[in-house]
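Source file: input18.txt. Holds: compact mmCIF, C-alpha atoms.
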# COMPACT_ATOMS: atom_id res chain seq x y z
CA MET A 1 3.35 15.94 -18.37
CA ALA A 2 1.52 19.25 -18.80
CA ALA A 3 1.04 19.46 -15.04
CA ALA A 4 4.74 18.92 -14.46
CA ALA A 5 5.59 21.56 -17.06
CA LYS A 6 3.22 24.07 -15.48
CA ALA A 7 4.52 23.29 -12.00
CA VAL A 8 8.03 23.99 -13.25
CA THR A 9 6.83 27.26 -14.83
CA ILE A 10 5.03 28.38 -11.68
CA GLY A 11 7.81 27.21 -9.40
CA ARG A 12 7.80 26.54 -5.66
CA ALA A 13 7.22 30.17 -4.66
CA GLY A 14 4.41 30.55 -7.19
CA PHE A 15 2.59 27.47 -5.98
CA GLU A 16 3.03 28.51 -2.35
CA GLU A 17 1.41 31.83 -3.24
CA ILE A 18 -1.55 29.99 -4.80
CA VAL A 19 -1.88 27.99 -1.57
CA ARG A 20 -1.72 31.12 0.60
CA GLU A 21 -4.28 32.97 -1.53
CA ARG A 22 -6.82 30.16 -1.48
CA GLN A 23 -6.11 28.34 1.77
CA SER A 24 -8.90 30.05 3.72
CA MET A 25 -11.45 29.16 1.03
CA VAL A 26 -10.44 25.49 0.87
CA PHE A 27 -9.94 25.12 4.63
CA SER A 28 -13.28 26.81 5.43
CA ILE A 29 -15.27 24.64 3.02
CA ALA A 30 -13.73 21.58 4.65
CA TYR A 31 -14.18 22.96 8.17
CA HIS A 32 -17.83 23.90 7.71
CA PHE A 33 -18.38 20.49 6.21
CA LEU A 34 -16.55 18.35 8.74
CA HIS A 35 -16.86 20.56 11.84
CA ASP A 36 -13.39 19.43 12.88
CA ARG A 37 -10.32 21.64 12.37
CA ALA A 38 -7.78 18.80 12.23
CA ALA A 39 -9.83 16.81 9.72
CA ALA A 40 -10.43 20.00 7.72
CA GLU A 41 -6.70 20.74 7.56
CA GLU A 42 -5.95 17.19 6.45
CA GLN A 43 -8.51 17.37 3.64
CA ALA A 44 -7.40 20.87 2.62
CA GLN A 45 -3.78 19.67 2.38
CA GLU A 46 -4.87 16.73 0.22
CA VAL A 47 -6.77 19.10 -2.07
CA PHE A 48 -3.63 21.21 -2.61
CA LEU A 49 -1.50 18.11 -3.22
CA GLN A 50 -4.05 17.04 -5.84
CA LEU A 51 -3.94 20.56 -7.28
CA TYR A 52 -0.16 20.35 -7.66
CA LYS A 53 -0.60 17.26 -9.83
CA SER A 54 -3.47 18.75 -11.83
CA LEU A 55 -2.06 22.21 -12.56
CA GLY A 56 -1.74 21.45 -16.25
CA GLU A 57 -5.51 21.05 -16.61
CA LEU A 58 -6.29 24.53 -15.27
CA GLU A 59 -6.50 27.40 -17.68
CA SER A 60 -7.24 30.49 -15.59
CA PRO A 61 -7.48 31.75 -12.00
CA GLU A 62 -11.30 31.42 -12.22
CA HIS A 63 -10.96 27.85 -13.39
CA LEU A 64 -8.56 27.23 -10.50
CA THR A 65 -11.07 28.59 -7.95
CA ARG A 66 -13.89 26.53 -9.45
CA TRP A 67 -11.68 23.44 -9.46
CA LEU A 68 -10.74 23.93 -5.80
CA ARG A 69 -14.37 24.40 -4.71
CA ARG A 70 -15.48 21.33 -6.65
CA VAL A 71 -12.67 19.05 -5.48
CA THR A 72 -12.96 20.19 -1.86
CA SER A 73 -16.74 19.73 -1.80
CA ASN A 74 -16.62 16.31 -3.43
CA ARG A 75 -13.77 15.19 -1.18
CA CYS A 76 -15.70 16.27 1.92
CA ILE A 77 -18.86 14.53 0.71
CA ASP A 78 -16.80 11.34 0.26
CA VAL A 79 -15.17 11.69 3.68
CA CYS A 80 -18.56 12.18 5.35
CA ARG A 81 -19.98 9.16 3.59
CA ARG A 82 -16.99 7.02 4.52
CA ARG A 83 -16.92 8.04 8.15
CA LYS A 84 -20.66 8.31 8.53
CA LEU A 85 -19.84 11.58 10.25
CA MET A 86 -23.37 12.87 10.00
CA PRO A 87 -24.80 11.01 13.00
CA ARG A 88 -21.95 12.28 15.21
CA ILE A 89 -23.63 15.64 15.51
CA GLY A 90 -27.32 15.08 15.98
CA LEU A 91 -29.62 18.06 16.04
CA ASP A 92 -30.66 17.13 19.56
CA GLU A 93 -27.07 17.73 20.67
CA VAL A 94 -27.12 21.32 19.52
CA PRO A 95 -26.81 23.28 22.76
CA GLU A 96 -29.41 25.84 23.59
CA PRO A 97 -27.83 29.26 23.97
CA SER A 98 -28.20 30.75 27.43
CA ILE A 99 -28.73 34.30 26.16
CA PRO A 100 -31.11 35.60 23.46
CA ALA A 101 -29.69 35.16 19.96
CA ARG A 102 -28.58 38.06 17.75
CA ALA A 103 -27.47 37.75 14.14
CA THR A 104 -23.78 38.24 15.02
CA ASP A 105 -23.89 36.26 18.24
CA PRO A 106 -20.95 33.81 18.47
CA LEU A 107 -23.16 31.32 20.31
CA LEU A 108 -25.73 31.53 17.54
CA SER A 109 -23.00 31.11 14.92
CA ARG A 110 -21.67 28.05 16.71
CA ALA A 111 -25.15 26.55 16.96
CA ILE A 112 -25.78 27.27 13.27
CA ARG A 113 -22.45 25.67 12.29
CA ARG A 114 -23.35 22.56 14.25
CA MET A 115 -26.75 22.44 12.57
CA VAL A 116 -25.13 22.75 9.16
CA ALA A 117 -22.67 19.98 10.08
CA SER A 118 -25.62 17.74 10.94
CA LEU A 119 -27.25 18.11 7.51
CA PRO A 120 -27.04 15.37 4.86
CA GLU A 121 -23.85 15.80 2.77
CA LYS A 122 -25.44 17.19 -0.39
CA TRP A 123 -27.46 19.77 1.53
CA ARG A 124 -24.36 20.70 3.48
CA ALA A 125 -22.44 21.26 0.24
CA LEU A 126 -25.22 23.50 -1.10
CA ILE A 127 -25.43 25.57 2.09
CA VAL A 128 -21.63 25.96 2.44
CA LEU A 129 -21.18 26.98 -1.20
CA LYS A 130 -24.11 29.40 -1.08
CA TYR A 131 -23.39 31.12 2.23
CA GLN A 132 -19.62 30.77 2.64
CA GLU A 133 -18.69 31.22 -1.01
CA GLU A 134 -21.75 33.33 -1.89
CA MET A 135 -22.25 31.39 -5.10
CA GLU A 136 -25.30 31.61 -7.35
CA THR A 137 -27.50 28.60 -8.09
CA GLU A 138 -26.06 28.03 -11.59
CA GLU A 139 -22.51 28.22 -10.30
CA ILE A 140 -23.25 25.71 -7.52
CA ALA A 141 -24.90 23.44 -10.09
CA ARG A 142 -21.77 23.54 -12.29
CA THR A 143 -19.49 22.97 -9.32
CA LEU A 144 -21.36 19.96 -7.97
CA GLY A 145 -22.44 18.61 -11.37
CA MET A 146 -26.16 18.86 -10.54
CA PRO A 147 -29.03 20.34 -12.57
CA ALA A 148 -29.76 23.95 -11.54
CA GLY A 149 -33.39 23.05 -10.79
CA THR A 150 -32.27 20.33 -8.40
CA VAL A 151 -29.90 22.73 -6.67
CA LYS A 152 -32.70 25.26 -6.24
CA SER A 153 -35.20 22.77 -4.84
CA GLN A 154 -32.67 21.02 -2.60
CA LEU A 155 -31.42 24.34 -1.29
CA SER A 156 -34.96 25.39 -0.49
CA ARG A 157 -35.59 22.13 1.36
CA ALA A 158 -32.32 22.43 3.27
CA LEU A 159 -33.20 25.99 4.31
CA ASP A 160 -36.72 24.98 5.40
CA PHE A 161 -35.18 22.19 7.45
CA LEU A 162 -32.63 24.55 9.03
CA ARG A 163 -35.28 27.20 9.69
CA GLU A 164 -37.49 24.72 11.47
CA LYS A 165 -34.66 23.33 13.58
CA ALA A 166 -33.29 26.77 14.33
CA SER A 167 -36.66 27.98 15.51
CA ARG A 168 -37.01 24.90 17.70
CA VAL A 169 -33.55 25.18 19.21
CA LEU A 170 -32.86 28.90 19.10
CA GLY A 171 -36.30 30.44 19.13
CA GLU A 172 -37.92 32.27 16.25
CA ILE A 173 -35.45 32.87 13.40
CA SER A 174 -36.75 33.37 9.92
CA MET B 175 -32.82 38.85 3.18
CA SER B 176 -34.03 36.78 6.16
CA ARG B 177 -32.46 36.51 9.59
CA LEU B 178 -31.55 32.93 8.80
CA ASP B 179 -29.64 34.09 5.71
CA ASP B 180 -27.73 36.60 7.84
CA ALA B 181 -27.07 34.03 10.54
CA LEU B 182 -25.81 31.50 7.99
CA ARG B 183 -23.56 34.07 6.32
CA GLU B 184 -22.15 35.06 9.69
CA ALA B 185 -21.68 31.48 10.90
CA LEU B 186 -20.11 30.26 7.65
CA ARG B 187 -17.59 33.04 7.16
CA ARG B 188 -14.23 31.97 5.79
CA GLU B 189 -11.66 31.14 8.44
CA GLU B 190 -7.90 30.97 8.24
CA PRO B 191 -6.37 27.51 8.61
CA PRO B 192 -3.97 26.83 11.51
CA GLU B 193 -0.64 28.70 11.42
CA GLY B 194 1.92 27.26 8.99
CA PHE B 195 -0.63 25.54 6.76
CA ALA B 196 1.00 26.56 3.46
CA GLY B 197 4.42 25.49 4.76
CA ARG B 198 3.10 22.06 5.65
CA VAL B 199 1.53 21.67 2.19
CA MET B 200 4.83 22.66 0.54
CA ALA B 201 6.76 20.23 2.79
CA ARG B 202 4.48 17.38 1.73
CA ILE B 203 4.93 18.32 -1.93
CA GLU B 204 8.73 18.37 -1.49
CA ALA B 205 8.64 14.99 0.26
CA ARG B 206 6.62 13.52 -2.60
CA LYS B 207 8.98 15.03 -5.15
CA GLU B 208 11.97 13.48 -3.34
CA ARG B 209 10.32 10.07 -3.32
CA ALA B 210 9.43 10.44 -6.98
CA GLY B 211 12.99 11.71 -7.65
CA ALA B 212 14.58 8.65 -6.03
CA TRP B 213 12.40 6.37 -8.14
CA ASP B 214 13.10 8.36 -11.30
CA GLY B 215 16.83 8.18 -10.52
CA LEU B 216 16.65 4.42 -10.23
CA MET B 217 14.76 4.17 -13.50
CA ALA B 218 17.23 6.51 -15.23
CA ALA B 219 20.15 4.45 -13.94
CA TRP B 220 18.44 1.34 -15.27
CA ARG B 221 18.13 2.99 -18.63
CA GLY B 222 21.91 3.66 -18.56
CA PRO B 223 24.24 0.99 -20.12
CA ARG B 224 26.30 0.22 -16.99
CA LEU B 225 23.38 -0.84 -14.77
CA ARG B 226 21.82 -2.69 -17.67
CA TRP B 227 25.01 -4.74 -18.16
CA ALA B 228 25.17 -5.36 -14.41
CA GLY B 229 21.57 -6.55 -14.50
CA ALA B 230 22.25 -8.84 -17.45
CA LEU B 231 25.35 -10.24 -15.71
CA ALA B 232 23.41 -10.85 -12.50
CA GLY B 233 20.73 -12.63 -14.53
CA ALA B 234 23.33 -14.82 -16.26
CA VAL B 235 25.00 -15.68 -12.92
CA LEU B 236 21.61 -16.58 -11.49
CA LEU B 237 20.82 -18.84 -14.47
CA ILE B 238 24.22 -20.60 -14.37
CA GLY B 239 23.98 -21.02 -10.60
CA THR B 240 20.51 -22.54 -10.88
CA ALA B 241 21.63 -24.92 -13.63
CA ALA B 242 24.73 -25.98 -11.64
CA TYR B 243 22.65 -26.58 -8.54
CA GLN B 244 20.18 -28.71 -10.49
CA GLU B 245 23.06 -30.72 -12.01
CA THR B 246 24.58 -31.34 -8.56
CA GLN B 247 21.21 -32.49 -7.25
CA ARG B 248 20.79 -34.84 -10.22
CA ALA B 249 24.30 -36.34 -9.83
CA GLU B 250 23.75 -36.89 -6.11
CA GLY B 251 20.46 -38.65 -6.91
CA GLU B 252 22.17 -40.92 -9.45
CA GLN B 253 24.89 -41.85 -6.98
CA ALA B 254 22.37 -42.64 -4.27
CA LYS B 255 20.45 -44.84 -6.75
CA ARG B 256 23.64 -46.72 -7.68
CA GLN B 257 24.43 -47.28 -4.01
CA VAL B 258 20.94 -48.62 -3.34
CA MET B 259 21.19 -51.00 -6.33
CA LEU B 260 24.59 -52.23 -5.18
CA ALA B 261 23.28 -52.80 -1.65
CA LEU B 262 20.32 -54.74 -3.08
CA ARG B 263 22.64 -56.89 -5.23
CA ILE B 264 24.87 -57.68 -2.24
CA THR B 265 21.84 -58.49 -0.13
CA GLY B 266 20.50 -60.76 -2.89
CA ALA B 267 23.81 -62.60 -3.21
CA LYS B 268 24.01 -63.10 0.56
CA LEU B 269 20.45 -64.45 0.60
CA ASP B 270 21.28 -66.91 -2.24
CA LEU B 271 24.30 -68.08 -0.28
CA ALA B 272 22.28 -68.57 2.87
CA ARG B 273 19.55 -70.47 0.99
CA ALA B 274 22.16 -72.80 -0.58
CA ARG B 275 23.66 -73.55 2.83
CA ILE B 276 20.26 -74.26 4.33
CA GLN B 277 19.51 -76.64 1.47
CA ARG B 278 22.83 -78.42 1.93
CA VAL B 279 22.23 -78.82 5.66
CA GLY B 280 18.71 -80.11 4.93
CA TYR B 281 19.93 -82.77 2.49
CA GLY B 282 22.58 -83.86 5.00
CA LEU B 283 19.96 -84.46 7.68
CA GLY B 284 17.79 -86.38 5.21
CA ASP B 285 20.70 -88.74 4.34
CA ARG B 286 21.05 -89.86 7.95
Kindly transcribe the structure held in the file into C-alpha cells.
Amino acid sequence: MAAAAKAVTIGRAGFEEIVRERQSMVFSIAYHFLHDRAAAEEQAQEVFLQLYKSLGELESPEHLTRWLRRVTSNRCIDVCRRRKLMPRIGLDEVPEPSIPARATDPLLSRAIRRMVASLPEKWRALIVLKYQEEMETEEIARTLGMPAGTVKSQLSRALDFLREKASRVLGEIS
Amino acid sequence: MSRLDDALREALRREEPPEGFAGRVMARIEARKERAGAWDGLMAAWRGPRLRWAGALAGAVLLIGTAAYQETQRAEGEQAKRQVMLALRITGAKLDLARARIQRVGYGLGDR
C-alpha cells in the first residue's frame, strides 16, 4: 500500500528518472557478474520492476542506492547458482593477450573481466562492489549481510587468487 | 595502490546498458499495471451489486438445473425398473403356462 502510494507520488516520469540515474550502476553490477549483456539487462530490468513494488520501503536516495546494490548482487548470486554459470568461463579459457599488458589496455580489461566472471559468486560480489562501486569493507558487509571481518578476509583471498591467475595468464601484475 | 587494483578498477568501470533500457523497464511496468488493472476492475465489478446479483442468479440457476437433472435421472431409473419387473412377471406367467401344458401332455401320454 505504501509502495503504491509512493509510486503515485513519484509518478511515471519520476520513476523513469530514477531508472535513468541508476541504470548504469545496476546494469554494470549484473554485467560484471554474469559476463553476458543480454542476461545482465534481463536481471537489471527485474531489479527495477522489484524496486517499483518496494518503493514504499525506501526512505532516502542513499537507501535506494544501497537497496539496488544489495538486490542486484543477491539476484546475480542466485542466477549464477541456478545456472551454474561459473564453470562456463574457466580460467584456462582466458585468452593470452598478444601484446604486453598496460593498466588501461582493453585486452587486459577484457581478460580481467573474464577472470572476475570465473570467480565463485561471493568473491565476485565482493570484487564487483569494491572495484566497480568503490565501496568500503563495512559498506560491502552491510550490503551483502556478511560480517566485516569475513568480507575483509574473503576479499583478500579473492585478490590473491586473481593476482596469481593474472600473473600466470598475463605476466607479472601485482 | 597495486597494478592489480588499477587493472580491476579499469576493467570493472560502470557501463551504460543497451539503448532504450529505461523505456523497456517502463513498458514492462505499464504492462504489469494494465494486467493488475484488469484484475482490479473485475474484483471491483464483483464488489458492485449488479454483478453480485448476476452471480447469485447464475448460482441459483445452476442449483435448480442440477436438481432437475438429478430428478429426471431418478424418474428414468424408476421407469426402467418398472419395465424390467413387468417383463419378469410376463415371463414368469408364460413359463407357468408352458409348465402346465407340459404336465397336461405328460399325463395324457401316461393314460394311454
Chain B contacts on chain A, only C-alpha atoms, 9 Å, as a short mmCIF file (atom, residue, chain, number, x, y, z; two decimals) with C-alpha atoms, keeping the file's coordinate frame:
data_model
loop_
_atom_site.label_atom_id
_atom_site.label_comp_id
_atom_site.auth_asym_id
_atom_site.auth_seq_id
_atom_site.Cartn_x
_atom_site.Cartn_y
_atom_site.Cartn_z
CA ARG A 12 7.80 26.54 -5.66
CA PHE A 15 2.59 27.47 -5.98
CA GLU A 16 3.03 28.51 -2.35
CA GLU A 17 1.41 31.83 -3.24
CA VAL A 19 -1.88 27.99 -1.57
CA ARG A 20 -1.72 31.12 0.60
CA GLN A 23 -6.11 28.34 1.77
CA SER A 24 -8.90 30.05 3.72
CA MET A 25 -11.45 29.16 1.03
CA VAL A 26 -10.44 25.49 0.87
CA PHE A 27 -9.94 25.12 4.63
CA SER A 28 -13.28 26.81 5.43
CA ILE A 29 -15.27 24.64 3.02
CA TYR A 31 -14.18 22.96 8.17
CA HIS A 32 -17.83 23.90 7.71
CA ARG A 37 -10.32 21.64 12.37
CA ALA A 38 -7.78 18.80 12.23
CA ALA A 40 -10.43 20.00 7.72
CA GLU A 41 -6.70 20.74 7.56
CA ALA A 44 -7.40 20.87 2.62
CA GLN A 45 -3.78 19.67 2.38
CA GLU A 46 -4.87 16.73 0.22
CA PHE A 48 -3.63 21.21 -2.61
CA LEU A 49 -1.50 18.11 -3.22
CA TYR A 52 -0.16 20.35 -7.66
CA ARG A 102 -28.58 38.06 17.75
CA ALA A 103 -27.47 37.75 14.14
CA THR A 104 -23.78 38.24 15.02
CA ASP A 105 -23.89 36.26 18.24
CA PRO A 106 -20.95 33.81 18.47
CA LEU A 108 -25.73 31.53 17.54
CA SER A 109 -23.00 31.11 14.92
CA ARG A 110 -21.67 28.05 16.71
CA ALA A 111 -25.15 26.55 16.96
CA ILE A 112 -25.78 27.27 13.27
CA ARG A 113 -22.45 25.67 12.29
CA VAL A 116 -25.13 22.75 9.16
CA ILE A 127 -25.43 25.57 2.09
CA VAL A 128 -21.63 25.96 2.44
CA LYS A 130 -24.11 29.40 -1.08
CA TYR A 131 -23.39 31.12 2.23
CA GLN A 132 -19.62 30.77 2.64
CA GLU A 133 -18.69 31.22 -1.01
CA GLU A 134 -21.75 33.33 -1.89
CA LEU A 159 -33.20 25.99 4.31
CA LEU A 162 -32.63 24.55 9.03
CA ARG A 163 -35.28 27.20 9.69
CA ALA A 166 -33.29 26.77 14.33
CA ILE A 173 -35.45 32.87 13.40
CA SER A 174 -36.75 33.37 9.92
#
Between atom CA of A:Arg114 and atom CA of A:Phe33, what is the distance, to one decimal in Å?
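Atom-to-atom, atom CA of A:Arg114 to atom CA of A:Phe33, that is 9.7 Å.
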Mind giving me the straight-line distance from atom CA of A:Leu129 to atom CA of A:Arg157 in Å, one decimal?
15.4 Å
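The two atoms in question, atom CA of A:Met146 and atom CA of A:Gln43, are spaced 22.7 Å apart.
Residues within 12 Å of A:Glu139, counting only C-alpha atoms and excluding same-chain residues fewer than 2 positions away, are A:Glu62, A:His63, A:Thr65, A:Arg66, A:Trp67, A:Arg69, A:Arg70, A:Leu126, A:Leu129, A:Lys130, A:Glu133, A:Glu134, A:Met135, A:Glu136, A:Thr137, A:Ala141, A:Arg142, A:Thr143, A:Leu144, A:Gly145, A:Met146, A:Pro147, A:Ala148, A:Val151, A:Lys152.
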